[in-house]
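**Student:** One structure is given below, represented as structure tokens, and several questions about it will come after.
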Amino acid sequence: MGFPSKKADAPAEAASEINPGPVEYATPNSFDEKSSSVDVATAIEDLDKIRHAHQWDPNLPKDKLDALKSAIEHGDIKEITETDHLFTDDSPYEEVRAAVRNTDGGEVACTVRAWILGMIFVTLGSGANMLLSMRSPAINFPALVVVLLVYPIGSLWAKVMPTRVFRTFGLEWTLNTGPFTIKEHVVVTLMSNVSLSYAYSTDALLAMQGKPFYNINLGWGFALIFTLSSQLIGISLSGMFRRFLIYPSSMLWPTQFAYTSLFYALHDKSKSDGATSNGWVISRYRYFFMVMGGMFCYYWIPGVLWQGLSVFAFITWIRPDNVVLNQLFGGYTGLSLIPITFDWTYVSAYLLNPLVSPTHAHVNTLLGLIIFVILTSIGMTYTGALYSDYLPIVTSQTYDNTQKAFNVTKILGDNFTLDIEKYRNYSPLFLSPTLALNYGLSFAALTAALVHICLFHGKEIWYRFKTARNQEPDIHLKLMKKYVEAPEWWYFTLLAISVAFGLATVLGYDSQLPWWGFFISLILALVFVIPTCMILAISNIQLSLNVISPFIAGFIFPGRPIGVMIFKVFSTITLGQAQTYGIADLKMAHYMKIPPRVTFWCQVVASIWGVFVQIAVMNWTLGAIPNVCANNQVSHFTCPNGRAFFSASIVWGVLGPQRMFGPGSMYANFNWFWLIGAGFPVIIWVLGRKLKIGFARHLNAPIMFGAMSWLPPATPISFSSWAIFGLIFNYWIRKKWNGWWCTYNYVTSAALDAGLVLSTIIIFFAITLPGVTIPQWWGNVDVFNTADASYTAWLKTVPDGETFGPASW
């Protein structure tokens, strides 16, 4: 007896199967049984669909591709039938088989209990995260915390709440449908995922409303419709692209494997079969809590007791003042050529947990790091190109010509406009080698994504456009076809309403963004939905518009910093919501067999409610906390994200990209990266398609470029250690102890992250927030007395009263 209606959970009785023939889900024991249960013509049709979908699939093992090719070429009935079963009885991907079950238990998903728990956690989580995001250092409660907390609460609810059935307006409902089901657990998680992270638009709102910043308050109405539209447009797009990004089995979305494995571990406490797990029989449930407890206790060592373990740059400890050694081996502003860290935070902070990403992503990331960051940065620094010898190698800080942080207030005139005379008397803006490369590689990643998708997936996209839900016979899509689909017109309607809110934002208020600029921001995001989401789905590497959107806006709207901010929000978060919360969560619902209409409503309702909660908390904080957003705020509510947004809006909206990357500017040559990004996939395509070089199938130019988009503020140690841990688990352990890997790898991933999150939260509230002094000894003090850690590892030092750089600008 679900809520709000039985239809949302009910099977679609009239829905046709993908294969009209009598295909059985159970694997027959003999070839004769197989051939009788599978129509050969249907099997041939299946294999042809599979061939279209997987011919350039880097995650599908070569033996399966060879079997597929052989069956189609030879036309042998037995071979065709066996190959069809290989792809249709279960997922052809070992990763999916390890993390997702090929059955549907039929548990109830849409219940009053799930909605009440979901809305409570959305309210508490989104409000707390909004408040804490305005503090420095910031901390947040991720959805993983909700997964862990809601399970005991839901189980307790099932034991103590009455099971009485009520009837309201002809609808039957109850507070207690029985045991807390795995699908209810997923529904609460889906609601939390789309709403817990603070809305991206609040960064721009804080930059506008904060008194140390623009100090412009356009009112509650502006804040609400701005945030609602920016949050919901991405979710509406995600539903419109399901045929490309959700239904295909090749769209793995690896980040969901940790969640699905955790759901099964919590709801199934049975022991493992030692015969299939290299002798391990401990249940995934017990194993999860043992590993989580171990990580919870362990993190107190690098987090509190010996912080030098986080970046174990022992060479810089030996020679703390040697600039070259600090540049090459340091982990804060250096290149970490010996990447040693004992802190899981550094490993998983930017590219997320390495245990869920495929091996080809680890390899491509390492190649990109070595070729395009480490070697290029060394070349720039030690040749003095772009005055790099006066700057740290790795930092997101921008500098003036006295080696101090660039002060944007020194170039501003009235009403936050650029004062040319002040600018000429002050300094040009200098970028560290890796920050300059960050812009170039961001340019390259986006053009590479477009060309890569056209070359390697163009035919596949056209095929999926025509077939919609009638695609290759993936077992999970088969199981989902018994549920009534959320029609596309729902998502189109949501898009129309969200776009109307966006137009009201830019037309009804002094936003500095014209209506056509708003549509350009949406088109920019729309163009990259399929390319970036396909790359994310197969590699777990996310490409963002965070760099390119203000770059484009600065060219189109020079001198309009607020307009640049709003443009950046609409383009960046539209794509980000579609990637992270819209499509990725739809895939989790797909894997866990959540009825699509239930998924739609829990995402939309939770997003809308989360917006109201976060805007209320933000405005309360701005009005109730004295001196909020100031650098010297006594409780450290300094609005770090709003401050970063404000500074970026000045750089891109006032100073402008024309002066940094335009013709004749210091960084003009970085525009060549647009062409480099477009050309690199062509080279890989020629190697693989024309020259038939086998390893080229696993090379991916967008990953090589795009994985570096976090660097800086990330440092190379996070990327190299991420790849190393990933290769240890997903290559070495997977090959040597495959049974253990299939049983425990993704549970290990979830446990490590859960232990780290819980430990970080406790440390924050027990030590960081009250200002408790950590042990003051060499491992927490002297290890930071290096040129690397103090941000002074530069080859040349500017004497007092002098400057470096060009004579005029």
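Chains: A, B, ... in order of the structure tokens. Residues: from 1 per chain. Ligands: from 1, in order shown.
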I need the residues in range 452-547 of chain A that are alpha helix (DSSP H) according to DSSP; give them as a ChimeraX atom specification.

**Tutor:** /A:452-467,475-480,488-508,515-539

**Student:** Find, counting only C-alpha atoms, the residue in A:Ser310, A:Thr398, A:Ser229, A:Gln403 that gets nearest to Gly331 in chain A.

**Tutor:**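 Answer, going by the shortest atom-to-atom distance: A:Ser310.
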
**Student:** For Met290 in chain A, list every protein, DNA or RNA residue within 12 Å, evaluated using only C-alpha atoms, and leave out those in the same chain fewer than 2 positions away; present the list as a PyMOL selection string.

**Tutor:** chain A and resi 282-288+292-297+747-748+750-752+754-755

**Student:** Could you please take those selected residues and save N, CA, C and O atoms as a short mmCIF file (atom, residue, chain, number, x, y, z; two decimals), in the first residue's frame?

**Tutor:**
data_model
loop_
_atom_site.label_atom_id
_atom_site.label_comp_id
_atom_site.auth_asym_id
_atom_site.auth_seq_id
_atom_site.Cartn_x
_atom_site.Cartn_y
_atom_site.Cartn_z
N ILE A 282 33.01 -14.14 5.31
CA ILE A 282 32.40 -13.08 6.11
C ILE A 282 31.34 -12.36 5.29
O ILE A 282 31.51 -12.12 4.09
N SER A 283 30.22 -12.04 5.90
CA SER A 283 29.15 -11.35 5.18
C SER A 283 29.61 -9.95 4.80
O SER A 283 30.45 -9.34 5.47
N ARG A 284 29.06 -9.44 3.72
CA ARG A 284 29.40 -8.08 3.30
C ARG A 284 28.96 -7.07 4.36
O ARG A 284 29.59 -6.02 4.51
N TYR A 285 27.90 -7.38 5.06
CA TYR A 285 27.42 -6.50 6.14
C TYR A 285 28.48 -6.33 7.22
O TYR A 285 28.85 -5.21 7.57
N ARG A 286 28.99 -7.45 7.76
CA ARG A 286 30.02 -7.38 8.79
C ARG A 286 31.31 -6.79 8.23
O ARG A 286 31.98 -5.99 8.90
N TYR A 287 31.67 -7.19 7.04
CA TYR A 287 32.90 -6.69 6.43
C TYR A 287 32.84 -5.17 6.28
O TYR A 287 33.82 -4.46 6.58
N PHE A 288 31.69 -4.65 5.84
CA PHE A 288 31.55 -3.20 5.68
C PHE A 288 31.82 -2.47 7.00
O PHE A 288 32.58 -1.51 7.04
N MET A 292 34.83 0.08 7.76
CA MET A 292 34.43 1.45 8.10
C MET A 292 34.98 1.84 9.48
O MET A 292 35.51 2.95 9.65
N GLY A 293 34.86 0.95 10.45
CA GLY A 293 35.39 1.23 11.78
C GLY A 293 36.90 1.40 11.76
O GLY A 293 37.46 2.27 12.44
N GLY A 294 37.57 0.57 10.96
CA GLY A 294 39.02 0.69 10.84
C GLY A 294 39.43 2.04 10.26
O GLY A 294 40.35 2.69 10.76
N MET A 295 38.75 2.47 9.19
CA MET A 295 39.07 3.77 8.60
C MET A 295 38.72 4.91 9.54
O MET A 295 39.46 5.90 9.64
N PHE A 296 37.60 4.78 10.27
CA PHE A 296 37.22 5.82 11.23
C PHE A 296 38.33 6.04 12.26
O PHE A 296 38.70 7.18 12.56
N CYS A 297 38.85 4.95 12.80
CA CYS A 297 39.92 5.06 13.80
C CYS A 297 41.23 5.51 13.18
O CYS A 297 41.95 6.36 13.73
N VAL A 747 32.17 -2.89 -1.81
CA VAL A 747 31.85 -2.70 -0.39
C VAL A 747 33.03 -2.02 0.31
O VAL A 747 32.84 -1.14 1.17
N THR A 748 34.25 -2.41 -0.06
CA THR A 748 35.44 -1.76 0.49
C THR A 748 35.43 -0.27 0.15
O THR A 748 35.73 0.58 0.99
N ALA A 750 32.86 1.72 -0.47
CA ALA A 750 31.87 2.43 0.34
C ALA A 750 32.32 2.53 1.79
O ALA A 750 32.13 3.58 2.44
N ALA A 751 32.95 1.48 2.32
CA ALA A 751 33.37 1.48 3.72
C ALA A 751 34.48 2.49 3.97
O ALA A 751 34.48 3.19 5.00
N LEU A 752 35.44 2.58 3.07
CA LEU A 752 36.53 3.54 3.23
C LEU A 752 35.99 4.97 3.23
O LEU A 752 36.39 5.80 4.06
N ALA A 754 32.87 5.91 3.90
CA ALA A 754 32.00 6.12 5.05
C ALA A 754 32.81 6.37 6.32
O ALA A 754 32.51 7.29 7.10
N GLY A 755 33.84 5.57 6.55
CA GLY A 755 34.69 5.77 7.72
C GLY A 755 35.37 7.12 7.71
O GLY A 755 35.46 7.80 8.75
#

**Student:** Could you list, with a cut-off of 12 Å and counting only C-alpha atoms, the residues of range 431-485 of chain A near range 574-595 of chain A, each shown with its nearest atom pair and the distance in Å rounded to one decimal, rows sorted by chain and ascending number, as a tab-separated table?

**Tutor:**
residue	atom	partner	partner_atom	distance
A:Asp474	CA	A:Tyr591	CA	11.3
A:Ile475	CA	A:Tyr591	CA	10.1
A:His476	CA	A:Tyr591	CA	6.6
A:Leu477	CA	A:His590	CA	7.7
A:Lys478	CA	A:Lys593	CA	10.4
A:Leu479	CA	A:Lys593	CA	7.4
A:Met480	CA	A:Lys593	CA	6.1
A:Lys481	CA	A:Pro595	CA	9.5
A:Lys482	CA	A:Pro595	CA	9.0
A:Tyr483	CA	A:Pro595	CA	5.7
A:Val484	CA	A:Pro595	CA	7.1
A:Glu485	CA	A:Pro595	CA	7.5

**Student:** I'd like the contact shell of Ile683 in chain A - 10 Å cut-off, only C-alpha atoms, skipping same-chain residues fewer than 6 positions apart - returned as a PDB file with all heavy atoms, in the first residue's frame.

**Tutor:**
ATOM      1  N   ARG A 689      41.328   2.639 -35.397  1.00  0.00           N
ATOM      2  CA  ARG A 689      40.398   2.262 -36.478  1.00  0.00           C
ATOM      3  C   ARG A 689      41.129   1.913 -37.764  1.00  0.00           C
ATOM      4  O   ARG A 689      40.766   0.940 -38.448  1.00  0.00           O
ATOM      5  CB  ARG A 689      39.429   3.426 -36.717  1.00  0.00           C
ATOM      6  CG  ARG A 689      38.295   3.139 -37.674  1.00  0.00           C
ATOM      7  CD  ARG A 689      37.213   2.307 -37.010  1.00  0.00           C
ATOM      8  NE  ARG A 689      36.088   2.098 -37.899  1.00  0.00           N
ATOM      9  CZ  ARG A 689      34.995   2.858 -37.896  1.00  0.00           C
ATOM     10  NH1 ARG A 689      34.876   3.854 -37.037  1.00  0.00           N
ATOM     11  NH2 ARG A 689      34.008   2.604 -38.731  1.00  0.00           N
ATOM     12  N   ALA A 696      45.004   1.129 -28.527  1.00  0.00           N
ATOM     13  CA  ALA A 696      44.388   2.432 -28.799  1.00  0.00           C
ATOM     14  C   ALA A 696      42.914   2.438 -28.404  1.00  0.00           C
ATOM     15  O   ALA A 696      42.341   3.504 -28.160  1.00  0.00           O
ATOM     16  CB  ALA A 696      44.546   2.792 -30.270  1.00  0.00           C
ATOM     17  N   ALA A 701      41.213  10.678 -25.095  1.00  0.00           N
ATOM     18  CA  ALA A 701      41.744  12.039 -25.009  1.00  0.00           C
ATOM     19  C   ALA A 701      40.979  12.916 -24.022  1.00  0.00           C
ATOM     20  O   ALA A 701      41.603  13.665 -23.254  1.00  0.00           O
ATOM     21  CB  ALA A 701      41.755  12.682 -26.397  1.00  0.00           C
TER      22      ALA A 701
END

**Student:** What's the 12 Å shell around Ala644 in chain A, counting only C-alpha atoms, without same-chain residues fewer than 4 positions away, as JSON, numbers by chain?

**Tutor:** {"A": [134, 203, 204, 206, 207, 208, 213, 396, 397, 398, 408, 565, 629, 638, 639, 640, 648, 649, 650, 651]}

**Student:** Please report as a Markdown table every residue of range 444-554 of chain A lying within 10 Å of range 652-671 of chain A, along with the nearest atom pair and their distance in Å (one decimal), using only C-alpha atoms.

**Tutor:**
| residue | atom | partner | partner_atom | distance |
| --- | --- | --- | --- | --- |
| A:Ala444 | CA | A:Asn671 | CA | 9.0 |
| A:Pro550 | CA | A:Trp652 | CA | 6.3 |
| A:Phe551 | CA | A:Pro657 | CA | 6.0 |
| A:Ile552 | CA | A:Pro657 | CA | 8.2 |
| A:Ala553 | CA | A:Gly653 | CA | 7.7 |
| A:Gly554 | CA | A:Gly653 | CA | 5.2 |

**Student:** Set out as a Markdown table a contact list for range 50-128 of chain A and range 454-469 of chain A with a cut-off of 9 Å, giving each residue of range 50-128 of chain A that qualifies its closest atom pair and distance in Å to one decimal, counting only C-alpha atoms, ordered by chain and rising residue number.

**Tutor:**
| residue | atom | partner | partner_atom | distance |
| --- | --- | --- | --- | --- |
| A:His52 | CA | A:Glu460 | CA | 6.1 |
| A:Ala53 | CA | A:Glu460 | CA | 5.7 |
| A:His54 | CA | A:Glu460 | CA | 8.5 |
| A:Gln55 | CA | A:Phe456 | CA | 8.8 |
| A:Trp56 | CA | A:Phe456 | CA | 6.3 |
| A:Asp57 | CA | A:Phe456 | CA | 9.0 |

**Student:** Produce a file of the selected residues containing N, CA and C atoms, as a CSV table (one decimal), in the first residue's frame.

**Tutor:**
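selection.csv was written with the following content:
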chain,number,residue,atom,x,y,z
A,52,HIS,N,26.3,-2.8,-32.5
A,52,HIS,CA,26.2,-1.3,-32.7
A,52,HIS,C,26.6,-0.6,-31.4
A,53,ALA,N,26.2,-1.2,-30.3
A,53,ALA,CA,26.4,-0.5,-29.0
A,53,ALA,C,27.7,-0.6,-28.4
A,54,HIS,N,28.5,-1.6,-28.7
A,54,HIS,CA,29.7,-1.9,-27.9
A,54,HIS,C,31.0,-2.0,-28.8
A,55,GLN,N,31.0,-1.6,-30.0
A,55,GLN,CA,32.1,-1.8,-30.9
A,55,GLN,C,33.3,-1.0,-30.4
A,56,TRP,N,33.1,0.1,-29.7
A,56,TRP,CA,34.3,0.9,-29.2
A,56,TRP,C,34.2,1.0,-27.7
A,57,ASP,N,33.7,0.0,-27.1
A,57,ASP,CA,33.5,0.0,-25.6
A,57,ASP,C,34.8,-0.3,-24.9

**Student:** Excluding Leu494 in chain A and its own-chain neighbours fewer than 2 positions away, which residues fall within 9 Å of it when counting only C-alpha atoms? Please give them as an MDAnalysis selection string.

**Tutor:** chainID A and resid 232:233 235:236 489:492 496:499 604

**Student:** Got time to write the residues from that selection, all heavy atoms, as a compact mmCIF listing (two decimals), in the first residue's frame?

**Tutor:**
# COMPACT_ATOMS: atom_id res chain seq x y z
N LEU A 232 16.70 22.93 -11.41
CA LEU A 232 15.75 22.03 -12.05
C LEU A 232 15.99 21.84 -13.54
O LEU A 232 15.57 20.82 -14.11
CB LEU A 232 14.32 22.53 -11.83
CG LEU A 232 13.82 22.49 -10.38
CD1 LEU A 232 12.44 23.12 -10.26
CD2 LEU A 232 13.80 21.05 -9.86
N ILE A 233 16.65 22.78 -14.20
CA ILE A 233 16.87 22.63 -15.64
C ILE A 233 17.72 21.39 -15.91
O ILE A 233 17.42 20.60 -16.82
CB ILE A 233 17.53 23.89 -16.23
CG1 ILE A 233 16.55 25.07 -16.21
CG2 ILE A 233 17.99 23.63 -17.67
CD1 ILE A 233 17.16 26.39 -16.64
N ILE A 235 18.00 18.67 -14.08
CA ILE A 235 17.23 17.45 -13.82
C ILE A 235 16.27 17.17 -14.97
O ILE A 235 16.09 16.01 -15.37
CB ILE A 235 16.47 17.58 -12.49
CG1 ILE A 235 17.47 17.61 -11.32
CG2 ILE A 235 15.46 16.46 -12.32
CD1 ILE A 235 16.84 17.79 -9.97
N SER A 236 15.67 18.22 -15.53
CA SER A 236 14.76 18.00 -16.65
C SER A 236 15.50 17.48 -17.88
O SER A 236 15.00 16.61 -18.60
CB SER A 236 14.02 19.31 -16.99
OG SER A 236 14.93 20.31 -17.40
N TRP A 489 7.19 13.90 -21.71
CA TRP A 489 6.53 15.20 -21.61
C TRP A 489 6.57 15.73 -20.19
O TRP A 489 6.49 16.95 -19.99
CB TRP A 489 5.10 15.14 -22.16
CG TRP A 489 4.09 14.39 -21.35
CD1 TRP A 489 3.70 13.11 -21.51
CD2 TRP A 489 3.32 14.90 -20.24
NE1 TRP A 489 2.75 12.76 -20.59
CE2 TRP A 489 2.49 13.85 -19.79
CE3 TRP A 489 3.25 16.14 -19.58
CZ2 TRP A 489 1.61 14.00 -18.72
CZ3 TRP A 489 2.38 16.28 -18.52
CH2 TRP A 489 1.56 15.23 -18.11
N TRP A 490 6.70 14.88 -19.19
CA TRP A 490 6.89 15.36 -17.81
C TRP A 490 8.17 16.18 -17.73
O TRP A 490 8.20 17.25 -17.12
CB TRP A 490 6.97 14.17 -16.85
CG TRP A 490 5.67 13.52 -16.54
CD1 TRP A 490 4.47 13.70 -17.20
CD2 TRP A 490 5.41 12.58 -15.50
NE1 TRP A 490 3.50 12.92 -16.63
CE2 TRP A 490 4.04 12.22 -15.59
CE3 TRP A 490 6.19 12.00 -14.51
CZ2 TRP A 490 3.46 11.31 -14.70
CZ3 TRP A 490 5.61 11.08 -13.63
CH2 TRP A 490 4.26 10.75 -13.72
N TYR A 491 9.23 15.64 -18.31
CA TYR A 491 10.52 16.33 -18.24
C TYR A 491 10.51 17.59 -19.11
O TYR A 491 11.13 18.60 -18.75
CB TYR A 491 11.63 15.39 -18.67
CG TYR A 491 11.95 14.32 -17.65
CD1 TYR A 491 11.41 13.04 -17.75
CD2 TYR A 491 12.77 14.59 -16.56
CE1 TYR A 491 11.67 12.06 -16.81
CE2 TYR A 491 13.05 13.61 -15.61
CZ TYR A 491 12.49 12.36 -15.74
OH TYR A 491 12.77 11.40 -14.80
N PHE A 492 9.83 17.55 -20.26
CA PHE A 492 9.73 18.75 -21.09
C PHE A 492 8.93 19.84 -20.36
O PHE A 492 9.26 21.02 -20.45
CB PHE A 492 9.06 18.41 -22.43
CG PHE A 492 10.00 17.85 -23.45
CD1 PHE A 492 9.97 16.50 -23.76
CD2 PHE A 492 10.93 18.65 -24.09
CE1 PHE A 492 10.85 15.96 -24.70
CE2 PHE A 492 11.80 18.14 -25.03
CZ PHE A 492 11.77 16.78 -25.34
N ALA A 496 10.26 23.52 -19.34
CA ALA A 496 9.59 24.77 -19.71
C ALA A 496 9.37 25.66 -18.49
O ALA A 496 9.61 26.87 -18.54
CB ALA A 496 8.26 24.46 -20.40
N ILE A 497 8.93 25.05 -17.38
CA ILE A 497 8.70 25.83 -16.16
C ILE A 497 10.02 26.38 -15.63
O ILE A 497 10.11 27.56 -15.23
CB ILE A 497 8.02 24.95 -15.09
CG1 ILE A 497 6.62 24.55 -15.56
CG2 ILE A 497 7.95 25.68 -13.76
CD1 ILE A 497 5.95 23.52 -14.66
N SER A 498 11.06 25.55 -15.66
CA SER A 498 12.37 25.98 -15.14
C SER A 498 12.95 27.10 -16.00
O SER A 498 13.52 28.07 -15.47
CB SER A 498 13.33 24.79 -15.11
OG SER A 498 12.80 23.72 -14.38
N VAL A 499 12.83 26.98 -17.32
CA VAL A 499 13.33 28.03 -18.21
C VAL A 499 12.53 29.32 -17.99
O VAL A 499 13.10 30.43 -18.02
CB VAL A 499 13.24 27.57 -19.68
CG1 VAL A 499 13.51 28.74 -20.63
CG2 VAL A 499 14.25 26.45 -19.94
N VAL A 604 12.26 15.67 -8.03
CA VAL A 604 11.73 17.02 -8.23
C VAL A 604 11.27 17.63 -6.92
O VAL A 604 11.63 18.79 -6.59
CB VAL A 604 10.58 16.99 -9.25
CG1 VAL A 604 9.90 18.36 -9.33
CG2 VAL A 604 11.10 16.59 -10.62
